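What follows is work-v8.txt (compact mmCIF, C-alpha atoms and all ligand atoms).
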```
# COMPACT_ATOMS: atom_id res chain seq x y z
CA MET A 1 -116.01 -13.40 10.86
CA THR A 2 -113.90 -10.60 9.38
CA ASP A 3 -112.05 -10.94 6.09
CA ASP A 4 -108.81 -10.91 8.08
CA ALA A 5 -109.95 -13.84 10.20
CA ARG A 6 -111.01 -15.69 7.08
CA THR A 7 -107.65 -15.33 5.38
CA SER A 8 -105.27 -15.36 8.33
CA ARG A 9 -102.79 -18.14 8.97
CA GLY A 10 -101.96 -18.97 12.54
CA PHE A 11 -99.98 -21.65 14.32
CA GLY A 12 -102.89 -23.61 15.80
CA SER A 13 -102.39 -26.85 13.89
CA ASP A 14 -101.42 -28.22 10.53
CA ASN A 15 -104.99 -29.34 10.07
CA GLN A 16 -106.19 -25.75 10.30
CA SER A 17 -104.73 -25.01 6.89
CA GLY A 18 -106.70 -25.55 3.72
CA ALA A 19 -106.02 -28.07 0.98
CA HIS A 20 -103.15 -27.66 -1.45
CA PRO A 21 -104.43 -26.50 -4.88
CA ARG A 22 -103.09 -29.68 -6.51
CA MET A 23 -105.34 -31.73 -4.22
CA LEU A 24 -108.38 -29.75 -5.32
CA GLN A 25 -107.28 -30.14 -8.93
CA ALA A 26 -106.85 -33.89 -8.45
CA ILE A 27 -110.36 -34.09 -7.03
CA ALA A 28 -111.74 -32.08 -9.94
CA ASP A 29 -109.86 -34.26 -12.44
CA ALA A 30 -111.28 -37.40 -10.81
CA ASN A 31 -114.76 -35.97 -11.00
CA VAL A 32 -115.58 -37.61 -14.31
CA GLY A 33 -117.90 -40.43 -15.29
CA HIS A 34 -118.70 -43.46 -13.19
CA ALA A 35 -116.08 -45.63 -11.50
CA PRO A 36 -116.27 -48.65 -9.20
CA ALA A 37 -117.00 -47.53 -5.63
CA TYR A 38 -115.29 -48.33 -2.31
CA GLY A 39 -111.72 -47.96 -3.58
CA ALA A 40 -111.83 -50.27 -6.58
CA ASP A 41 -111.33 -47.30 -8.92
CA PRO A 42 -108.32 -46.40 -11.09
CA TRP A 43 -107.26 -43.48 -8.86
CA CYS A 44 -107.02 -45.63 -5.74
CA GLU A 45 -105.31 -48.37 -7.70
CA ARG A 46 -102.73 -45.91 -9.01
CA ALA A 47 -102.10 -44.48 -5.54
CA GLU A 48 -101.78 -48.01 -4.11
CA ARG A 49 -99.19 -48.82 -6.77
CA ARG A 50 -97.25 -45.67 -5.86
CA LEU A 51 -97.31 -46.62 -2.18
CA ARG A 52 -96.06 -50.14 -3.01
CA GLU A 53 -93.25 -48.62 -5.05
CA ILE A 54 -92.24 -46.62 -1.98
CA PHE A 55 -92.75 -49.26 0.72
CA GLY A 56 -92.26 -52.50 -1.18
CA GLU A 57 -94.50 -55.03 -2.88
CA ALA A 58 -95.32 -56.75 0.43
CA THR A 59 -97.48 -53.78 1.50
CA ASP A 60 -101.25 -53.81 1.91
CA VAL A 61 -102.91 -50.40 1.49
CA TYR A 62 -106.25 -49.29 2.93
CA PHE A 63 -107.39 -45.71 2.47
CA THR A 64 -109.37 -44.00 5.20
CA LEU A 65 -110.90 -40.61 5.83
CA THR A 66 -109.42 -39.64 9.20
CA GLY A 67 -106.31 -40.27 11.25
CA THR A 68 -108.28 -41.47 14.25
CA GLY A 69 -110.06 -43.92 11.97
CA ALA A 70 -106.74 -45.14 10.57
CA ASN A 71 -105.34 -45.76 14.06
CA VAL A 72 -108.48 -47.58 15.15
CA ILE A 73 -108.38 -49.79 12.05
CA ALA A 74 -104.69 -50.61 12.50
CA LEU A 75 -104.97 -51.44 16.21
CA GLY A 76 -108.34 -53.14 15.84
CA SER A 77 -107.03 -55.39 13.08
CA LEU A 78 -103.99 -56.66 14.92
CA CYS A 79 -105.20 -56.71 18.53
CA SER A 80 -107.89 -58.77 20.24
CA ALA A 81 -110.20 -57.45 22.94
CA TRP A 82 -108.01 -58.82 25.74
CA GLU A 83 -104.83 -57.25 24.40
CA SER A 84 -103.06 -53.98 25.16
CA VAL A 85 -101.04 -51.32 23.41
CA VAL A 86 -98.09 -49.58 25.06
CA CYS A 87 -97.84 -45.95 23.92
CA PRO A 88 -96.51 -42.58 25.09
CA GLU A 89 -98.81 -40.75 27.50
CA THR A 90 -98.89 -37.89 24.98
CA ALA A 91 -99.80 -40.15 22.04
CA HIS A 92 -102.75 -38.95 20.00
CA ILE A 93 -104.35 -42.38 20.48
CA ASN A 94 -104.19 -41.85 24.25
CA ALA A 95 -104.75 -38.13 24.68
CA ASP A 96 -106.78 -36.91 21.73
CA GLU A 97 -109.03 -39.62 20.31
CA CYS A 98 -111.75 -39.50 22.95
CA GLY A 99 -111.12 -43.12 23.84
CA ALA A 100 -111.78 -44.36 20.29
CA PRO A 101 -109.06 -47.05 20.42
CA GLU A 102 -110.51 -48.36 23.70
CA ARG A 103 -114.12 -48.14 22.66
CA VAL A 104 -114.00 -48.95 18.97
CA ALA A 105 -110.86 -51.06 18.57
CA GLY A 106 -111.53 -52.51 22.03
CA VAL A 107 -107.89 -52.43 23.14
CA LYS A 108 -106.45 -51.35 26.48
CA LEU A 109 -103.89 -48.55 26.22
CA VAL A 110 -100.90 -48.56 28.55
CA PRO A 111 -99.59 -44.97 28.60
CA VAL A 112 -95.96 -44.31 29.43
CA ALA A 113 -94.57 -40.92 30.54
CA THR A 114 -91.78 -39.67 28.27
CA PRO A 115 -89.63 -36.54 28.35
CA ASP A 116 -89.99 -35.83 24.63
CA GLY A 117 -92.95 -37.79 23.28
CA LYS A 118 -90.77 -40.73 22.26
CA LEU A 119 -90.70 -44.26 23.62
CA THR A 120 -87.44 -46.11 24.15
CA PRO A 121 -86.92 -49.82 24.89
CA ASP A 122 -85.98 -48.87 28.46
CA LEU A 123 -89.27 -47.04 28.94
CA VAL A 124 -91.31 -49.85 27.39
CA ARG A 125 -89.66 -52.94 28.91
CA PRO A 126 -91.15 -52.56 32.44
CA ARG A 127 -94.64 -52.52 30.87
CA LEU A 128 -94.18 -55.84 29.12
CA THR A 129 -95.46 -57.98 31.94
CA GLY A 130 -98.26 -60.40 32.64
CA PHE A 131 -97.82 -62.53 29.53
CA GLY A 132 -99.93 -65.65 29.90
CA PHE A 133 -101.54 -64.36 33.13
CA GLU A 134 -105.27 -64.37 32.58
CA HIS A 135 -105.89 -61.44 34.93
CA HIS A 136 -103.79 -59.05 32.84
CA SER A 137 -104.39 -57.59 29.41
CA GLN A 138 -101.89 -59.21 27.10
CA PRO A 139 -99.33 -56.78 25.64
CA ARG A 140 -99.76 -56.96 21.88
CA ALA A 141 -98.52 -53.73 20.32
CA ILE A 142 -96.14 -50.86 20.89
CA SER A 143 -97.41 -47.65 19.32
CA ILE A 144 -95.24 -44.68 18.41
CA SER A 145 -96.02 -41.44 16.59
CA GLN A 146 -93.64 -40.33 13.87
CA ALA A 147 -93.19 -37.38 14.18
CA SER A 148 -94.20 -37.45 17.83
CA GLU A 149 -96.79 -35.13 19.31
CA TYR A 150 -93.82 -33.05 20.55
CA GLY A 151 -92.50 -32.75 17.00
CA THR A 152 -89.56 -35.01 17.77
CA VAL A 153 -88.49 -37.67 15.30
CA TYR A 154 -87.31 -41.26 15.73
CA THR A 155 -84.25 -42.32 13.75
CA ALA A 156 -84.38 -45.60 11.85
CA GLU A 157 -82.18 -47.15 14.56
CA GLU A 158 -84.54 -46.00 17.31
CA VAL A 159 -87.50 -47.48 15.46
CA ARG A 160 -85.59 -50.71 14.86
CA ALA A 161 -84.81 -51.06 18.58
CA LEU A 162 -88.51 -50.78 19.43
CA ALA A 163 -89.50 -53.16 16.64
CA ASP A 164 -86.97 -55.73 17.87
CA LEU A 165 -88.31 -55.42 21.40
CA ALA A 166 -91.88 -55.88 20.18
CA HIS A 167 -91.02 -58.86 18.00
CA GLU A 168 -88.98 -60.56 20.75
CA HIS A 169 -92.22 -60.57 22.75
CA GLY A 170 -94.44 -61.73 19.89
CA MET A 171 -95.83 -58.20 19.59
CA VAL A 172 -96.19 -55.73 16.72
CA LEU A 173 -95.05 -52.14 16.21
CA HIS A 174 -97.65 -49.57 15.16
CA MET A 175 -96.59 -46.17 13.85
CA ASP A 176 -99.04 -43.28 13.86
CA GLY A 177 -97.67 -41.39 10.88
CA ALA A 178 -100.06 -38.46 10.78
CA ARG A 179 -96.84 -36.45 10.31
CA VAL A 180 -94.66 -39.12 8.73
CA ALA A 181 -93.93 -36.78 5.81
CA ASN A 182 -92.42 -34.24 8.21
CA ALA A 183 -90.31 -36.98 9.78
CA ALA A 184 -89.11 -38.17 6.36
CA ALA A 185 -88.25 -34.62 5.34
CA PHE A 186 -86.29 -34.11 8.55
CA LEU A 187 -84.40 -37.40 8.39
CA GLY A 188 -83.63 -37.01 4.69
CA VAL A 189 -83.75 -40.75 4.11
CA PRO A 190 -86.29 -42.83 2.16
CA VAL A 191 -89.40 -43.26 4.31
CA ARG A 192 -89.13 -47.01 3.93
CA GLU A 193 -85.85 -46.99 5.88
CA PHE A 194 -87.50 -46.00 9.15
CA THR A 195 -90.80 -47.82 8.62
CA ALA A 196 -91.13 -51.14 6.76
CA ASP A 197 -87.38 -51.79 6.71
CA ALA A 198 -87.00 -50.87 10.39
CA GLY A 199 -89.57 -53.46 11.47
CA VAL A 200 -92.74 -51.35 11.63
CA ASP A 201 -95.71 -53.68 11.14
CA MET A 202 -98.41 -51.11 10.50
CA LEU A 203 -98.16 -47.49 9.53
CA CYS A 204 -100.91 -44.90 9.41
CA PHE A 205 -99.63 -42.71 6.59
CA GLY A 206 -100.98 -39.19 7.01
CA GLY A 207 -102.25 -36.99 4.23
CA THR A 208 -104.59 -34.42 5.77
CA LYS A 209 -102.02 -32.54 7.84
CA ASN A 210 -99.76 -32.27 4.83
CA GLY A 211 -102.19 -30.57 2.48
CA MET A 212 -104.86 -33.08 1.55
CA LEU A 213 -108.52 -32.17 1.86
CA THR A 214 -108.90 -35.35 3.84
CA GLY A 215 -107.35 -38.79 3.60
CA GLU A 216 -104.99 -41.19 5.31
CA ALA A 217 -103.78 -44.68 4.48
CA VAL A 218 -103.30 -47.72 6.69
CA LEU A 219 -100.30 -49.71 5.47
CA LEU A 220 -99.47 -53.21 6.68
CA PHE A 221 -96.10 -54.69 5.95
CA GLY A 222 -94.84 -58.23 5.45
CA GLU A 223 -96.05 -60.76 7.96
CA ALA A 224 -98.37 -58.28 9.66
CA ARG A 225 -100.65 -58.34 6.64
CA THR A 226 -104.01 -59.79 7.54
CA ASP A 227 -107.21 -60.18 5.61
CA VAL A 228 -109.36 -58.86 8.47
CA VAL A 229 -108.60 -55.21 7.71
CA PRO A 230 -111.33 -54.69 5.09
CA TYR A 231 -113.98 -55.88 7.54
CA VAL A 232 -112.66 -53.73 10.38
CA ARG A 233 -112.50 -50.69 8.11
CA LYS A 234 -116.09 -51.20 7.06
CA GLN A 235 -117.30 -51.76 10.62
CA VAL A 236 -115.66 -48.61 11.90
CA THR A 237 -117.31 -46.63 9.08
CA GLN A 238 -114.08 -45.60 7.32
CA LEU A 239 -114.86 -47.24 3.97
CA ALA A 240 -115.96 -44.29 1.86
CA SER A 241 -117.94 -45.29 -1.21
CA LYS A 242 -116.42 -42.42 -3.20
CA MET A 243 -112.93 -43.31 -2.08
CA ARG A 244 -111.71 -42.32 -5.53
CA TYR A 245 -111.31 -38.75 -4.24
CA VAL A 246 -108.91 -39.94 -1.51
CA GLY A 247 -107.02 -42.07 -4.03
CA ALA A 248 -106.78 -39.14 -6.44
CA GLN A 249 -105.28 -36.94 -3.72
CA PHE A 250 -102.71 -39.56 -2.70
CA ASP A 251 -101.83 -40.08 -6.35
CA ALA A 252 -101.21 -36.34 -6.77
CA MET A 253 -99.45 -36.02 -3.41
CA LEU A 254 -96.98 -38.80 -4.19
CA GLU A 255 -96.32 -37.64 -7.74
CA GLY A 256 -92.97 -35.87 -7.96
CA ASP A 257 -92.58 -36.15 -4.17
CA LEU A 258 -94.96 -33.26 -3.51
CA TRP A 259 -95.56 -34.75 -0.05
CA LEU A 260 -91.90 -34.29 0.86
CA GLU A 261 -91.72 -30.82 -0.65
CA LEU A 262 -94.69 -29.62 1.41
CA ALA A 263 -93.42 -31.21 4.60
CA SER A 264 -89.91 -29.78 4.13
CA HIS A 265 -91.40 -26.34 3.78
CA ALA A 266 -93.47 -26.71 6.97
CA ASN A 267 -90.40 -27.98 8.82
CA GLU A 268 -88.31 -25.05 7.64
CA MET A 269 -90.95 -22.59 8.83
CA ALA A 270 -90.92 -24.25 12.26
CA ARG A 271 -87.15 -24.03 12.39
CA LEU A 272 -87.35 -20.29 11.71
CA VAL A 273 -90.02 -19.79 14.38
CA ALA A 274 -87.85 -21.61 16.91
CA GLU A 275 -84.73 -19.71 15.94
CA GLY A 276 -86.57 -16.40 16.34
CA ILE A 277 -87.99 -17.39 19.73
CA SER A 278 -84.58 -18.44 20.99
CA HIS A 279 -83.38 -14.82 20.64
CA VAL A 280 -86.21 -13.39 22.74
CA PRO A 281 -85.15 -12.65 26.33
CA GLY A 282 -86.98 -14.90 28.77
CA ALA A 283 -88.22 -17.27 26.06
CA ARG A 284 -87.02 -20.85 25.73
CA VAL A 285 -87.64 -23.55 23.15
CA THR A 286 -88.38 -26.68 25.18
CA GLN A 287 -88.18 -29.51 22.65
CA PRO A 288 -85.83 -30.22 19.76
CA VAL A 289 -87.47 -28.75 16.65
CA GLN A 290 -87.22 -31.53 14.11
CA ALA A 291 -90.57 -31.54 12.33
CA ASN A 292 -93.19 -28.80 12.09
CA GLU A 293 -93.93 -28.14 15.75
CA VAL A 294 -92.33 -25.72 18.18
CA PHE A 295 -92.80 -25.97 21.93
CA ALA A 296 -91.64 -22.96 23.90
CA VAL A 297 -91.96 -21.28 27.25
CA LEU A 298 -92.73 -17.60 26.69
CA PRO A 299 -92.36 -14.81 29.23
CA ARG A 300 -95.40 -14.51 31.46
CA GLY A 301 -97.77 -11.84 30.32
CA LEU A 302 -96.88 -12.14 26.63
CA ILE A 303 -98.99 -15.15 25.79
CA ALA A 304 -102.42 -13.54 26.10
CA PRO A 305 -101.68 -10.45 23.94
CA LEU A 306 -99.87 -12.60 21.38
CA ALA A 307 -102.82 -14.99 21.25
CA GLU A 308 -105.14 -12.09 20.45
CA GLU A 309 -103.41 -11.76 17.08
CA PHE A 310 -102.08 -15.23 16.29
CA HIS A 311 -103.84 -18.49 16.87
CA PHE A 312 -101.87 -21.13 18.79
CA TYR A 313 -102.45 -23.39 21.77
CA THR A 314 -101.15 -23.13 25.29
CA TRP A 315 -99.72 -26.58 26.00
CA ASP A 316 -98.91 -26.22 29.69
CA GLU A 317 -100.66 -23.34 31.42
CA ALA A 318 -98.63 -23.61 34.61
CA ALA A 319 -95.28 -23.58 32.83
CA GLY A 320 -96.29 -20.92 30.29
CA GLU A 321 -95.50 -23.37 27.51
CA VAL A 322 -97.10 -22.94 24.10
CA ARG A 323 -97.30 -25.14 21.01
CA LEU A 324 -96.84 -23.59 17.58
CA VAL A 325 -97.49 -25.69 14.49
CA THR A 326 -96.50 -24.69 10.98
CA SER A 327 -98.16 -25.97 7.86
CA TRP A 328 -97.56 -26.51 4.15
CA ASP A 329 -98.98 -23.02 3.54
CA THR A 330 -97.19 -21.10 6.31
CA GLN A 331 -95.44 -18.16 4.72
CA LEU A 332 -92.26 -16.38 5.76
CA ASP A 333 -94.44 -13.30 6.30
CA ASP A 334 -96.50 -15.21 8.87
CA VAL A 335 -93.38 -16.19 10.76
CA GLN A 336 -91.92 -12.69 10.63
CA ALA A 337 -95.18 -11.08 11.75
CA PHE A 338 -95.39 -13.46 14.70
CA LEU A 339 -91.78 -13.00 15.74
CA GLY A 340 -91.95 -9.24 15.22
CA ARG A 341 -94.91 -8.97 17.57
CA LEU A 342 -93.27 -11.25 20.11
CA VAL A 343 -90.12 -9.11 20.13
CA GLN A 344 -92.22 -5.97 20.42
CA LEU A 345 -94.17 -7.38 23.38
CA ALA A 346 -90.95 -8.53 25.04
CA GLY A 347 -89.81 -4.91 24.86
C1 LIG B 1 -100.31 -37.64 15.76
C2 LIG B 1 -101.74 -37.63 15.28
N1 LIG B 1 -102.33 -38.78 14.97
C3 LIG B 1 -103.59 -38.84 14.54
C4 LIG B 1 -104.34 -37.69 14.39
C5 LIG B 1 -105.79 -37.87 14.02
O1 LIG B 1 -106.25 -37.27 12.92
P1 LIG B 1 -107.80 -36.95 12.72
O2 LIG B 1 -108.06 -35.66 13.38
O3 LIG B 1 -107.89 -36.91 11.23
O4 LIG B 1 -108.61 -38.05 13.29
C6 LIG B 1 -103.78 -36.44 14.69
C7 LIG B 1 -104.55 -35.20 14.52
O5 LIG B 1 -104.34 -34.21 15.14
C8 LIG B 1 -102.43 -36.42 15.16
O6 LIG B 1 -101.84 -35.26 15.50
```
Would you give me this structure, written as structure tokens?
Ligand SMILES: Cc1ncc(COP(=O)(O)O)c(C=O)c1O
Amino acid sequence: MTDDARTSRGFGSDNQSGAHPRMLQAIADANVGHAPAYGADPWCERAERRLREIFGEATDVYFTLTGTGANVIALGSLCSAWESVVCPETAHINADECGAPERVAGVKLVPVATPDGKLTPDLVRPRLTGFGFEHHSQPRAISISQASEYGTVYTAEEVRALADLAHEHGMVLHMDGARVANAAAFLGVPVREFTADAGVDMLCFGGTKNGMLTGEAVLLFGEARTDVVPYVRKQVTQLASKMRYVGAQFDAMLEGDLWLELASHANEMARLVAEGISHVPGARVTQPVQANEVFAVLPRGLIAPLAEEFHFYTWDEAAGEVRLVTSWDTQLDDVQAFLGRLVQLAG
């Protein structure tokens, strides 16, 4: 690996960036003495208190190491083996978790095609069938990603409509919030407004994509709180004994709203990427750019040479559509270098 490759910043994913220095500092600061293991330490307790201040006292908090683990814990805690989860076809739980929710949480996923990665009541309603029919999996949860895998964001009203639909059917609403910070930064409203207060029952609150070394939190709100979560978390191997290092990062991330600052920056970088692309002849941004992801069709023949210099993923080979993800550490220089080369290649 060359020095350039070691220090370069591409647009592959927000989990390709390193950890924010304050996360490493928080870990170093927590690296003192002995403390109770498995999350019963002062750092986790402080971070839990901060999360309850944000989401309300009726919030249960369970730290985890990975986002897949958080989703599996959330779904596995609220669904039984004969129950199903309606989600977008593009949902991480459906497309990118190697079947973990099916295998580990033991739930059936019911994927729904969407134009923009977002479910609506109209898209979900036809899937809510077979209640009480023993030959069908029983619909138990609706799962949405905020921001979605297309970088689109649900408003509080859109979340509320899905929560109402779920609750009318005795179901729960799960939110995969691996990028919930980016959604909050885009919406500019308190995160509670489009989660706990909008009827979300369980939220996987992401940390890793937003600058943590690793760490996520499963939050359960109000009546969805259940005492089975600790057992599920342990069984699915997400109960780290030295959880204090996750707690310390969340504590530092939530202090002074660093999480929102980092996400706002990533979102702004994505907005600039999209704006630049929209001026390139033959290029077209294909999804609303609301969080930190840009989807765009680029002129044929430009993708391969561009990819030689900047890391990103081709989303749809046939359509020539690429996905560009910005991160907390994306710099204006990175954006300008990328756009400059794109313009040069476009002639
Ligand atoms: C929307 C979403 N949810 C969950 C995850 C899972 O995170 P992890 O890779 O930590 O399991 C990702 C990671 O890419 C994601 O994009």
Quiz item: Between A:Asn182, A:Ser143, A:Thr330, A:Thr226, which is the closest to A:Leu78 once you count only C-alpha atoms?
Solution: A:Thr226
Practice problem: Compute the distance from (-87.7, -38.7, 18.2) to each atom, counting all atoms listed in the file, keep the residues with any atom at most 10 Å away, and return them as a ChimeraX atom specification; use the coordinates of the file. | Solution: /A:116-120,144-156,158-159,183,288,290-291
Quiz item: Once you count all atoms listed in the file, which residues end up within 10 Å of ligand LIG 1 (chain B), and could you hand them over as a ChimeraX atom specification?
Solution: /A:13-16,64-72,90-97,100,144-151,175-180,204-209,214-216
Self-check item: Nearest-residue call for A:Leu75, choices A:Glu268, A:Asp41, A:Glu89, A:Asp201, using only C-alpha atoms
Solution: A:Asp201
Quiz prompt | Closest of A:Ala184, A:Ala240, A:Phe295, A:Ile277 to A:Gly39 - atom-to-atom distances counting only C-alpha atoms | solution =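 Smallest separation from A:Gly39 among the options: A:Ala240.
Atom pair atom CA of A:Asp334 / atom CA of A:Glu261 has a distance of 18.9 Å (rounded to one decimal).
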Quiz prompt | From A:Ala161, A:Ala198, A:Val236, A:Leu339, residue lying nearest A:Ala74 [only C-alpha atoms] | solution =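 Looking only at the distances to A:Ala74, the closest residue turns out to be A:Val236.
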Exercise. Quote the spacing between atom CA of A:Ala37 and atom CA of A:Gln235 in Å to one decimal place.
Key: 16.8 Å
Self-check item: Separation of atom CA of A:Ala266 from atom CA of A:Trp328, in Å and rounded to one decimal
Solution: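 Atom CA of A:Ala266 sits 5.0 Å away from atom CA of A:Trp328.
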Self-check item: Nearby residues (only C-alpha atoms) at most 9 Å from A:Val335, same-chain spacing under 3 positions excluded, as a PyMOL selection string
Solution: chain A and resi 269-270+272-273+276+330-332+338-340
Output C-alpha atoms for every residue in the selection just made, as a short mmCIF file (atom, residue, chain, number, x, y, z; two decimals), in the coordinates of the input.
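See out29.cif below for the written result:
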```cif
data_model
loop_
_atom_site.label_atom_id
_atom_site.label_comp_id
_atom_site.auth_asym_id
_atom_site.auth_seq_id
_atom_site.Cartn_x
_atom_site.Cartn_y
_atom_site.Cartn_z
CA MET A 269 -90.95 -22.59 8.83
CA ALA A 270 -90.92 -24.25 12.26
CA LEU A 272 -87.35 -20.29 11.71
CA VAL A 273 -90.02 -19.79 14.38
CA GLY A 276 -86.57 -16.40 16.34
CA THR A 330 -97.19 -21.10 6.31
CA GLN A 331 -95.44 -18.16 4.72
CA LEU A 332 -92.26 -16.38 5.76
CA PHE A 338 -95.39 -13.46 14.70
CA LEU A 339 -91.78 -13.00 15.74
CA GLY A 340 -91.95 -9.24 15.22
#
```
Self-check item: Selection near A:Ala319, 12 Å with all atoms listed in the file, sequence-local residues under 6 positions removed, as a list in words
Solution: Ala283, Arg284, Thr286, Phe295, Ala296, Val297, Leu298, Pro299, Arg300 and Ile303 of chain A
Because the input lacks atoms here, generate N, CA, C and O atoms for stretch 115-129 of chain A and report them as a compact mmCIF listing (two decimals), in the coordinates of the input.
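So the final result, stored in result11.txt, reads:
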```txt
# COMPACT_ATOMS: atom_id res chain seq x y z
N PRO A 115 -90.05 -37.95 28.28
CA PRO A 115 -89.63 -36.54 28.35
C PRO A 115 -89.89 -35.78 27.05
O PRO A 115 -90.04 -34.57 27.07
N ASP A 116 -89.95 -36.51 25.93
CA ASP A 116 -89.99 -35.83 24.63
C ASP A 116 -90.98 -36.44 23.64
O ASP A 116 -90.86 -36.24 22.43
N GLY A 117 -91.93 -37.20 24.16
CA GLY A 117 -92.95 -37.79 23.28
C GLY A 117 -92.52 -39.09 22.63
O GLY A 117 -93.27 -39.68 21.86
N LYS A 118 -91.29 -39.53 22.92
CA LYS A 118 -90.77 -40.73 22.26
C LYS A 118 -90.58 -41.88 23.26
O LYS A 118 -90.03 -41.68 24.34
N LEU A 119 -90.97 -43.07 22.82
CA LEU A 119 -90.70 -44.26 23.62
C LEU A 119 -89.27 -44.73 23.36
O LEU A 119 -88.71 -44.49 22.28
N THR A 120 -88.72 -45.41 24.33
CA THR A 120 -87.44 -46.11 24.15
C THR A 120 -87.64 -47.52 24.70
O THR A 120 -88.56 -47.76 25.51
N PRO A 121 -86.79 -48.46 24.32
CA PRO A 121 -86.92 -49.82 24.89
C PRO A 121 -86.89 -49.79 26.41
O PRO A 121 -87.63 -50.52 27.06
N ASP A 122 -86.05 -48.92 27.00
CA ASP A 122 -85.98 -48.87 28.46
C ASP A 122 -87.29 -48.41 29.09
O ASP A 122 -87.64 -48.83 30.19
N LEU A 123 -87.98 -47.51 28.41
CA LEU A 123 -89.27 -47.04 28.94
C LEU A 123 -90.35 -48.10 28.77
O LEU A 123 -91.27 -48.22 29.59
N VAL A 124 -90.24 -48.88 27.70
CA VAL A 124 -91.31 -49.85 27.39
C VAL A 124 -91.16 -51.14 28.19
O VAL A 124 -92.15 -51.71 28.69
N ARG A 125 -89.91 -51.59 28.34
CA ARG A 125 -89.66 -52.94 28.91
C ARG A 125 -90.43 -53.20 30.22
O ARG A 125 -91.06 -54.26 30.35
N PRO A 126 -90.43 -52.27 31.17
CA PRO A 126 -91.15 -52.56 32.44
C PRO A 126 -92.64 -52.80 32.25
O PRO A 126 -93.30 -53.35 33.14
N ARG A 127 -93.19 -52.35 31.11
CA ARG A 127 -94.64 -52.52 30.87
C ARG A 127 -94.96 -53.85 30.20
O ARG A 127 -96.12 -54.18 30.03
N LEU A 128 -93.93 -54.57 29.82
CA LEU A 128 -94.18 -55.84 29.12
C LEU A 128 -94.23 -56.98 30.13
O LEU A 128 -93.31 -57.79 30.25
N THR A 129 -95.32 -56.98 30.88
CA THR A 129 -95.46 -57.98 31.94
C THR A 129 -96.82 -58.67 31.80
O THR A 129 -97.67 -58.23 31.04
```
